[in-house]
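This is query.txt (compact mmCIF, C-alpha atoms).
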# COMPACT_ATOMS: atom_id res chain seq x y z
CA MET E 177 -262.82 -42.76 20.06
CA GLY E 178 -264.60 -40.49 22.54
CA VAL E 179 -263.29 -36.97 23.13
CA ARG E 180 -264.17 -34.93 26.22
CA TYR E 181 -265.68 -31.62 25.25
CA PHE E 182 -267.23 -28.88 27.38
CA PRO E 183 -268.79 -26.26 25.10
CA ALA E 184 -269.21 -23.31 27.48
CA THR E 185 -265.50 -22.47 27.55
CA TYR E 186 -263.52 -19.33 26.83
CA TYR E 187 -259.95 -18.09 27.38
CA ILE E 188 -258.55 -15.03 29.15
CA ALA E 189 -255.03 -13.63 29.40
CA ALA E 190 -252.93 -15.50 31.95
CA ALA E 191 -251.56 -13.76 35.02
CA GLU E 192 -248.54 -11.49 34.54
CA GLY E 193 -245.32 -13.33 35.23
CA ALA E 194 -246.73 -16.86 35.07
CA ARG E 195 -244.16 -19.43 34.04
CA TYR E 196 -244.56 -22.01 31.30
CA GLN E 197 -242.52 -24.14 28.94
CA LEU E 198 -242.63 -24.36 25.17
CA ASN E 199 -240.61 -27.18 23.67
CA SER E 200 -238.94 -27.56 27.12
CA THR E 201 -237.77 -23.92 26.96
CA ALA E 202 -238.76 -21.91 30.06
CA ARG E 203 -240.75 -18.75 29.35
CA THR E 204 -242.48 -15.97 31.29
CA CYS E 205 -245.99 -14.88 30.33
CA ASN E 206 -246.21 -11.27 29.13
CA GLY E 207 -242.45 -11.05 29.37
CA GLY E 208 -242.14 -9.61 25.87
CA ASN E 209 -240.86 -12.80 24.30
CA GLN E 210 -244.14 -14.21 22.96
CA THR E 211 -244.50 -14.26 19.17
CA SER E 212 -246.88 -15.58 16.55
CA ASP E 213 -244.23 -18.21 15.77
CA ASP E 214 -244.85 -19.67 19.24
CA TYR E 215 -248.52 -20.03 18.44
CA ALA E 216 -247.79 -21.62 15.07
CA ALA E 217 -245.61 -24.25 16.74
CA TYR E 218 -248.20 -24.85 19.47
CA GLU E 219 -251.01 -25.17 16.92
CA GLN E 220 -249.09 -27.89 15.11
CA ASP E 221 -248.39 -29.82 18.32
CA PRO E 222 -250.23 -28.70 21.49
CA SER E 223 -248.26 -31.21 23.58
CA ILE E 224 -245.16 -28.97 23.47
CA LEU E 225 -246.85 -26.49 25.84
CA THR E 226 -246.92 -26.98 29.62
CA GLY E 227 -247.63 -24.63 32.50
CA VAL E 228 -250.47 -22.64 30.88
CA ASP E 229 -253.69 -23.76 29.20
CA SER E 230 -253.18 -22.31 25.74
CA LEU E 231 -251.51 -19.65 23.58
CA GLY E 232 -253.19 -16.94 21.55
CA PRO E 233 -252.37 -16.18 17.88
CA ASP E 234 -249.88 -13.52 19.06
CA GLY E 235 -248.21 -16.00 21.43
CA ARG E 236 -249.87 -14.58 24.54
CA CYS E 237 -250.49 -16.97 27.45
CA LEU E 238 -254.14 -17.90 27.99
CA THR E 239 -256.07 -19.42 30.88
CA GLU E 240 -259.10 -21.62 30.22
CA VAL E 241 -262.41 -20.71 31.89
CA GLN E 242 -265.27 -23.23 31.96
CA ILE E 243 -268.71 -21.85 32.84
CA ARG E 244 -270.09 -24.25 35.43
CA PRO E 245 -272.81 -23.93 38.10
CA GLY E 246 -271.70 -22.81 41.53
CA SER E 247 -268.92 -20.48 40.34
CA ASP E 248 -268.54 -16.72 39.99
CA TYR E 249 -266.53 -15.10 37.19
CA ALA E 250 -264.40 -12.09 38.03
CA HIS E 251 -264.16 -9.14 35.65
CA ASP E 252 -262.43 -5.77 35.60
CA GLY E 253 -265.56 -3.63 36.04
CA GLY E 254 -266.15 -3.08 32.35
CA ARG E 255 -268.98 -5.60 32.02
CA THR E 256 -272.46 -4.12 31.68
CA ASP E 257 -274.31 -7.43 31.57
CA CYS E 258 -273.58 -8.35 35.20
CA GLU E 259 -275.08 -6.72 38.29
CA SER E 260 -271.85 -6.78 40.29
CA SER E 261 -268.98 -4.48 39.33
CA SER E 262 -266.41 -7.19 40.05
CA ALA E 263 -267.89 -10.60 39.19
CA CYS E 264 -270.63 -12.28 37.18
CA THR E 265 -272.83 -15.05 38.52
CA TYR E 266 -273.15 -18.39 36.74
CA ALA E 267 -276.58 -17.38 35.39
CA GLU E 268 -275.21 -14.10 34.02
CA GLU E 269 -272.13 -15.72 32.52
CA ILE E 270 -273.94 -18.60 30.85
CA GLN E 271 -276.48 -16.14 29.41
CA ASN E 272 -273.64 -14.04 28.02
CA PHE E 273 -272.12 -17.16 26.50
CA ALA E 274 -275.47 -18.15 24.96
CA ASN E 275 -275.82 -14.67 23.44
CA TRP E 276 -272.34 -14.87 21.97
CA TYR E 277 -272.95 -18.36 20.58
CA SER E 278 -276.26 -17.37 19.00
CA TYR E 279 -275.26 -14.05 17.47
CA TYR E 280 -271.47 -13.61 17.33
CA ARG E 281 -269.58 -16.90 17.16
CA LYS E 282 -268.95 -16.64 13.40
CA ARG E 283 -267.86 -13.73 11.22
CA ASP E 284 -271.11 -13.49 9.28
CA LEU E 285 -273.15 -13.66 12.51
CA THR E 286 -271.06 -10.88 14.05
CA LEU E 287 -271.55 -8.71 10.98
CA ARG E 288 -275.31 -9.18 10.92
CA ALA E 289 -275.72 -8.56 14.66
CA SER E 290 -273.46 -5.49 14.62
CA LEU E 291 -275.23 -3.88 11.68
CA GLY E 292 -278.61 -4.63 13.23
CA HIS E 293 -277.57 -2.83 16.43
CA ALA E 294 -276.03 0.06 14.49
CA LEU E 295 -279.15 0.68 12.37
CA ASP E 296 -281.67 0.19 15.17
CA GLY E 297 -283.76 3.33 15.60
CA ILE E 298 -282.27 5.09 12.54
CA SER E 299 -284.73 6.10 9.83
CA SER E 300 -283.11 8.94 7.86
CA LEU E 301 -280.64 6.95 5.75
CA ARG E 302 -280.53 5.13 2.46
CA VAL E 303 -278.42 2.00 2.82
CA ASP E 304 -277.30 -1.04 0.87
CA THR E 305 -274.53 -3.62 0.99
CA LEU E 306 -272.07 -5.39 -1.29
CA THR E 307 -269.44 -8.04 -0.62
CA ILE E 308 -265.70 -7.58 -1.08
CA ASN E 309 -265.45 -10.99 -2.79
CA PHE E 310 -268.02 -10.24 -5.48
CA PRO E 311 -268.27 -6.44 -5.47
CA ASP E 312 -269.32 -6.19 -9.12
CA ALA E 313 -272.18 -8.69 -8.89
CA GLY E 314 -274.69 -5.93 -9.62
CA GLU E 315 -275.84 -2.42 -8.89
CA THR E 316 -276.69 -1.59 -5.29
CA ALA E 317 -280.37 -1.02 -4.58
CA MET E 318 -280.37 1.70 -1.95
CA ARG E 319 -282.99 1.03 0.74
CA ASP E 320 -284.75 3.98 2.38
CA LEU E 321 -284.89 3.15 6.10
CA SER E 322 -287.85 5.48 6.58
CA VAL E 323 -289.96 3.16 4.37
CA THR E 324 -291.04 0.03 6.25
CA SER E 325 -291.01 -2.27 3.22
CA GLU E 326 -287.54 -1.14 2.13
CA ARG E 327 -286.20 -1.42 5.68
CA SER E 328 -287.54 -4.99 5.86
CA ALA E 329 -285.95 -5.78 2.47
CA LEU E 330 -282.56 -4.59 3.72
CA TYR E 331 -282.78 -6.68 6.89
CA ASP E 332 -283.94 -9.72 4.90
CA GLU E 333 -280.92 -9.33 2.64
CA LEU E 334 -278.62 -8.85 5.61
CA TYR E 335 -279.90 -11.71 7.76
CA ASP E 336 -280.18 -14.16 4.85
CA PHE E 337 -276.52 -13.67 4.05
CA VAL E 338 -274.41 -16.76 4.66
CA GLY E 339 -270.65 -16.50 5.04
CA ILE E 340 -268.59 -17.55 2.06
CA ASN E 341 -265.11 -18.94 1.72
CA GLY E 342 -262.76 -16.70 -0.17
CA ALA E 343 -259.82 -14.36 -0.03
CA THR E 344 -259.80 -10.86 1.48
CA PRO E 345 -259.73 -8.33 -1.39
CA ASN E 346 -260.23 -5.23 0.77
CA ARG E 347 -258.86 -2.79 -1.80
CA VAL E 348 -261.01 -4.23 -4.57
CA GLY E 349 -264.07 -4.03 -2.32
CA LEU E 350 -263.48 -0.43 -1.23
CA ASN E 351 -262.82 0.63 -4.80
CA ALA E 352 -266.14 -0.96 -5.81
CA VAL E 353 -267.93 1.23 -3.25
CA GLY E 354 -266.46 4.32 -4.89
CA ARG E 355 -267.58 3.16 -8.33
CA GLN E 356 -271.10 2.54 -7.04
CA TYR E 357 -271.28 6.15 -5.85
CA MET E 358 -270.33 7.36 -9.34
CA ARG E 359 -273.36 5.70 -10.91
CA THR E 360 -275.89 7.89 -12.70
CA GLY E 361 -279.47 7.39 -13.80
CA GLU E 362 -282.34 5.65 -12.05
CA GLY E 363 -281.35 3.94 -8.81
CA ALA E 364 -278.07 5.83 -8.43
CA PRO E 365 -276.93 6.08 -4.77
CA ILE E 366 -276.28 9.83 -5.04
CA THR E 367 -279.37 11.81 -5.99
CA GLU E 368 -278.58 15.34 -4.76
CA ALA E 369 -275.54 17.62 -5.03
CA CYS E 370 -275.73 18.36 -1.27
CA GLN E 371 -275.90 14.70 -0.24
CA GLN E 372 -273.44 13.30 2.30
CA ASN E 373 -272.23 9.77 1.60
CA PHE E 374 -270.41 7.17 3.67
CA GLY E 375 -268.87 3.77 3.12
CA LEU E 376 -268.15 1.25 5.90
CA LEU E 377 -265.73 -1.61 5.26
CA PHE E 378 -266.05 -4.74 7.38
CA THR E 379 -263.17 -7.19 7.06
CA ASP E 380 -261.60 -10.07 8.94
CA GLY E 381 -258.01 -9.33 8.04
CA PHE E 382 -255.36 -7.80 5.79
CA THR E 383 -255.93 -7.65 2.05
CA ASN E 384 -254.42 -10.58 0.17
CA GLN E 385 -255.56 -9.97 -3.38
CA PRO E 386 -253.77 -8.54 -6.44
CA LEU E 387 -253.53 -4.78 -6.68
CA LEU E 388 -255.96 -2.66 -8.62
CA PRO E 389 -255.12 -1.66 -12.22
CA SER E 390 -251.91 0.33 -12.60
CA GLU E 391 -253.74 3.42 -13.87
CA PHE E 392 -255.38 3.93 -10.46
CA SER E 393 -254.05 6.89 -8.46
CA TRP E 394 -252.06 5.38 -5.61
CA GLU E 395 -250.96 8.63 -3.99
CA GLY E 396 -254.41 9.82 -2.96
CA ASP E 397 -253.42 10.84 0.56
CA ASP E 398 -249.73 11.72 0.18
CA ASN E 399 -250.14 15.49 0.45
CA GLU E 400 -252.87 15.58 3.08
CA GLU E 401 -252.49 16.82 6.64
CA ALA E 402 -252.60 14.47 9.62
CA PRO E 403 -254.37 12.23 10.34
CA TYR E 404 -255.20 11.64 6.68
CA GLY E 405 -251.76 12.03 5.13
CA ASP E 406 -249.54 8.98 4.63
CA PRO E 407 -246.66 9.79 2.26
CA ASP E 408 -244.59 6.82 3.44
CA SER E 409 -247.04 4.14 2.29
CA SER E 410 -248.64 3.59 -1.10
CA ARG E 411 -251.28 1.31 -2.56
CA THR E 412 -253.28 1.47 0.67
CA LEU E 413 -256.97 1.67 1.57
CA GLY E 414 -256.28 5.26 2.59
CA ASP E 415 -255.19 6.10 -0.96
CA ILE E 416 -258.41 4.66 -2.35
CA ALA E 417 -260.62 6.41 0.20
CA MET E 418 -258.92 9.78 -0.34
CA HIS E 419 -259.15 9.38 -4.12
CA TYR E 420 -262.94 9.15 -3.98
CA TYR E 421 -263.19 11.75 -1.22
CA LYS E 422 -261.47 14.33 -3.45
CA THR E 423 -263.32 13.28 -6.61
CA ASN E 424 -266.63 14.86 -7.62
CA LEU E 425 -268.59 11.62 -7.82
CA ARG E 426 -271.58 13.15 -9.63
CA PRO E 427 -270.38 16.10 -11.73
CA ASP E 428 -273.73 16.08 -13.52
CA LEU E 429 -275.48 17.32 -10.37
CA THR E 430 -275.41 21.04 -9.53
CA PRO E 431 -274.61 23.29 -7.80
CA LEU E 432 -271.11 21.88 -7.34
CA GLY E 433 -269.57 21.81 -3.88
CA ALA E 434 -272.91 22.05 -2.10
CA VAL E 435 -272.28 19.32 0.50
CA PRO E 436 -272.88 20.80 3.99
CA VAL E 437 -269.89 21.05 6.32
CA SER E 438 -270.27 20.24 10.00
CA ARG E 439 -270.07 23.26 12.28
CA ASP E 440 -267.54 21.29 14.36
CA CYS E 441 -265.01 21.87 11.57
CA ASP E 442 -264.74 25.48 12.75
CA SER E 443 -263.50 24.45 16.20
CA GLU E 444 -259.85 24.77 17.19
CA ASN E 445 -259.23 21.01 17.17
CA PRO E 446 -261.89 19.45 14.94
CA SER E 447 -262.44 15.72 15.19
CA PRO E 448 -261.47 13.73 12.08
CA SER E 449 -264.91 12.13 12.20

Would you put the structure from the file into structure tokens?
Amino acid sequence: MGVRYFPATYYIAAAEGARYQLNSTARTCNGGNQTSDDYAAYEQDPSILTGVDSLGPDGRCLTEVQIRPGSDYAHDGGRTDCESSSACTYAEEIQNFANWYSYYRKRDLTLRASLGHALDGISSLRVDTLTINFPDAGETAMRDLSVTSERSALYDELYDFVGINGATPNRVGLNAVGRQYMRTGEGAPITEACQQNFGLLFTDGFTNQPLLPSEFSWEGDDNEEAPYGDPDSSRTLGDIAMHYYKTNLRPDLTPLGAVPVSRDCDSENPSPS
């Protein structure tokens, strides 16, 4: 059986106040009554929805946009890929769609493209990656971005990565980053007492894996000032991050406490970053 399909299609929020029906019940778009339960029902049986083109995962009304020759595509002025401040031409819009399809349509593509943009032009870092699904697969091999061969090796590793099916063990993955930083000996990520270190966690959703071992400190950020403190929640990513932030990851390196502090910390309202 043939199915009509037009690939260059996307969805935008429907107009405020638009009327639609879900299971013959009248609704108003953006009226505060949309829920994820609406989307779940619609996903199971799209025929129950009339009046709007689709619903988003949060229940929000959506309007379908097909990119076809001869049309312009209005925007709110925030687009930088279109010459006009109010609308994109067909050529501009189809090019934007092609870019999205080539580099961002899947989670692993988005990750690769984003990291490539973030690291472009940076040469004074040592970087490596690990996955949250298999964080203990081996020791990280820090790549020096100022060395052409090591930079190429990092990009080869990054761009050869293919998305995997699995759960979302964010806490396990973040904890693995902390353990990597505590490594000693040849190849250890931390080589100097004054070295600044950072970990970036990329995830597609909430953690859905068992908790870490019970002996882990789950109150890492309870007594911290805002915006770091969170005494009302435990067993969070914040607890893990604060645990490693307050831990001397390489006590064998001296002098202790030699990490430089940004001069911005002396300002009246220092940025958390």

Mind giving me the straight-line distance from atom CA of Glu362 of chain E to atom CA of Thr307 of chain E in Å, one decimal?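 A separation of 22.0 Å between them.
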
A straight line from atom CA of Ser223 of chain E to atom CA of Cys237 of chain E spans 14.9 Å

Name the closest residue to Ala250 of chain E among the candidates E:Glu269, E:Arg236, E:Gly363, E:Val353; distances are taken between atoms, counting all atoms listed in the file.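 For Ala250 of chain E, the nearest of the given residues is E:Glu269.
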
Go ahead and compute the interatomic distance for atom CA of Arg195 of chain E and atom CA of Ile243 of chain E, in Å to one decimal. 24.7 Å

Residues near segment 369-376 of chain E, anyone? I mean within 6 Å using all atoms listed in the file, not counting same-chain ones fewer than 2 positions away, as a list in words.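 After dropping sequence-adjacent residues, the list is Leu429, Thr430, Ala434 and Val435 of chain E.
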
Ranking E:Leu334, E:Arg359, E:Leu321, E:Ser262 by minimum distance to Arg288 of chain E and counting all atoms listed in the file, which one comes first?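 Nearest candidate to Arg288 of chain E out of E:Leu334, E:Arg359, E:Leu321, E:Ser262: E:Leu334.
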
For Leu387 of chain E, the nearest of the candidates E:Ser328, E:Thr412, E:Asn272, E:Ser322, counting all atoms listed in the file: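 For Leu387 of chain E, the nearest of the candidates is E:Thr412.
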
Which centre and edge lengths in Å to one decimal define the box along x, y and z that fits every listed atom of segment 404-422 of chain E plus 3 Å per side, as AutoDock Vina command-line options?
--center_x -253.9 --center_y 7.8 --center_z 1.3 --size_x 24.6 --size_y 19.0 --size_z 16.8

What lies within 10 Å of Leu291 of chain E using all atoms listed in the file, ignoring chain neighbours under 3 positions off, as a list in words? Thr286, Leu287, Arg288, Ala294, Leu295, Asp296, Tyr331, Leu334 and Tyr335 of chain E

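The nearest approach to Asn309 of chain E among the residues E:Gln242, E:Arg327, E:Thr383, E:Tyr279, with all atoms listed in the file taken into account, belongs to E:Thr383.
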
Is it possible to get the residues within 12 Å of (-250.7, -21.4, 26.2) (coordinates as in the file, counting only C-alpha atoms) written as JSON, numbers by chain? {"E": [187, 188, 189, 190, 191, 194, 195, 196, 197, 198, 199, 203, 204, 205, 206, 210, 211, 212, 214, 215, 216, 217, 218, 219, 221, 222, 223, 224, 225, 226, 227, 228, 229, 230, 231, 232, 233, 234, 235, 236, 237, 238, 239, 240]}

Shell around Glu315 of chain E at 12 Å using only C-alpha atoms, local window under 2 positions removed, as a PyMOL selection string: chain E and resi 304-307+310-313+317-318+352-353+355-365

For segment 415-417 of chain E, list every protein, DNA or RNA residue within 12 Å, evaluated using all atoms listed in the file, and leave out those in the same chain fewer than 2 positions away; present the list as a PDB file with C-alpha atoms, in the coordinates of the input.
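result35.pdb written:
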ATOM      1  CA  ASN E 346    -260.230  -5.230   0.770  1.00  0.00           C
ATOM      2  CA  ARG E 347    -258.860  -2.790  -1.800  1.00  0.00           C
ATOM      3  CA  VAL E 348    -261.010  -4.230  -4.570  1.00  0.00           C
ATOM      4  CA  GLY E 349    -264.070  -4.030  -2.320  1.00  0.00           C
ATOM      5  CA  LEU E 350    -263.480  -0.430  -1.230  1.00  0.00           C
ATOM      6  CA  ASN E 351    -262.820   0.630  -4.800  1.00  0.00           C
ATOM      7  CA  ALA E 352    -266.140  -0.960  -5.810  1.00  0.00           C
ATOM      8  CA  VAL E 353    -267.930   1.230  -3.250  1.00  0.00           C
ATOM      9  CA  GLY E 354    -266.460   4.320  -4.890  1.00  0.00           C
ATOM     10  CA  ARG E 355    -267.580   3.160  -8.330  1.00  0.00           C
ATOM     11  CA  PHE E 374    -270.410   7.170   3.670  1.00  0.00           C
ATOM     12  CA  GLY E 375    -268.870   3.770   3.120  1.00  0.00           C
ATOM     13  CA  LEU E 376    -268.150   1.250   5.900  1.00  0.00           C
ATOM     14  CA  LEU E 377    -265.730  -1.610   5.260  1.00  0.00           C
ATOM     15  CA  LEU E 387    -253.530  -4.780  -6.680  1.00  0.00           C
ATOM     16  CA  LEU E 388    -255.960  -2.660  -8.620  1.00  0.00           C
ATOM     17  CA  PHE E 392    -255.380   3.930 -10.460  1.00  0.00           C
ATOM     18  CA  SER E 393    -254.050   6.890  -8.460  1.00  0.00           C
ATOM     19  CA  TRP E 394    -252.060   5.380  -5.610  1.00  0.00           C
ATOM     20  CA  GLU E 395    -250.960   8.630  -3.990  1.00  0.00           C
ATOM     21  CA  GLY E 396    -254.410   9.820  -2.960  1.00  0.00           C
ATOM     22  CA  ASP E 397    -253.420  10.840   0.560  1.00  0.00           C
ATOM     23  CA  ASP E 398    -249.730  11.720   0.180  1.00  0.00           C
ATOM     24  CA  ASN E 399    -250.140  15.490   0.450  1.00  0.00           C
ATOM     25  CA  GLU E 400    -252.870  15.580   3.080  1.00  0.00           C
ATOM     26  CA  TYR E 404    -255.200  11.640   6.680  1.00  0.00           C
ATOM     27  CA  GLY E 405    -251.760  12.030   5.130  1.00  0.00           C
ATOM     28  CA  ASP E 406    -249.540   8.980   4.630  1.00  0.00           C
ATOM     29  CA  PRO E 407    -246.660   9.790   2.260  1.00  0.00           C
ATOM     30  CA  ASP E 408    -244.590   6.820   3.440  1.00  0.00           C
ATOM     31  CA  SER E 409    -247.040   4.140   2.290  1.00  0.00           C
ATOM     32  CA  SER E 410    -248.640   3.590  -1.100  1.00  0.00           C
ATOM     33  CA  ARG E 411    -251.280   1.310  -2.560  1.00  0.00           C
ATOM     34  CA  THR E 412    -253.280   1.470   0.670  1.00  0.00           C
ATOM     35  CA  LEU E 413    -256.970   1.670   1.570  1.00  0.00           C
ATOM     36  CA  HIS E 419    -259.150   9.380  -4.120  1.00  0.00           C
ATOM     37  CA  TYR E 420    -262.940   9.150  -3.980  1.00  0.00           C
ATOM     38  CA  TYR E 421    -263.190  11.750  -1.220  1.00  0.00           C
ATOM     39  CA  LYS E 422    -261.470  14.330  -3.450  1.00  0.00           C
ATOM     40  CA  THR E 423    -263.320  13.280  -6.610  1.00  0.00           C
TER      41      THR E 423
END
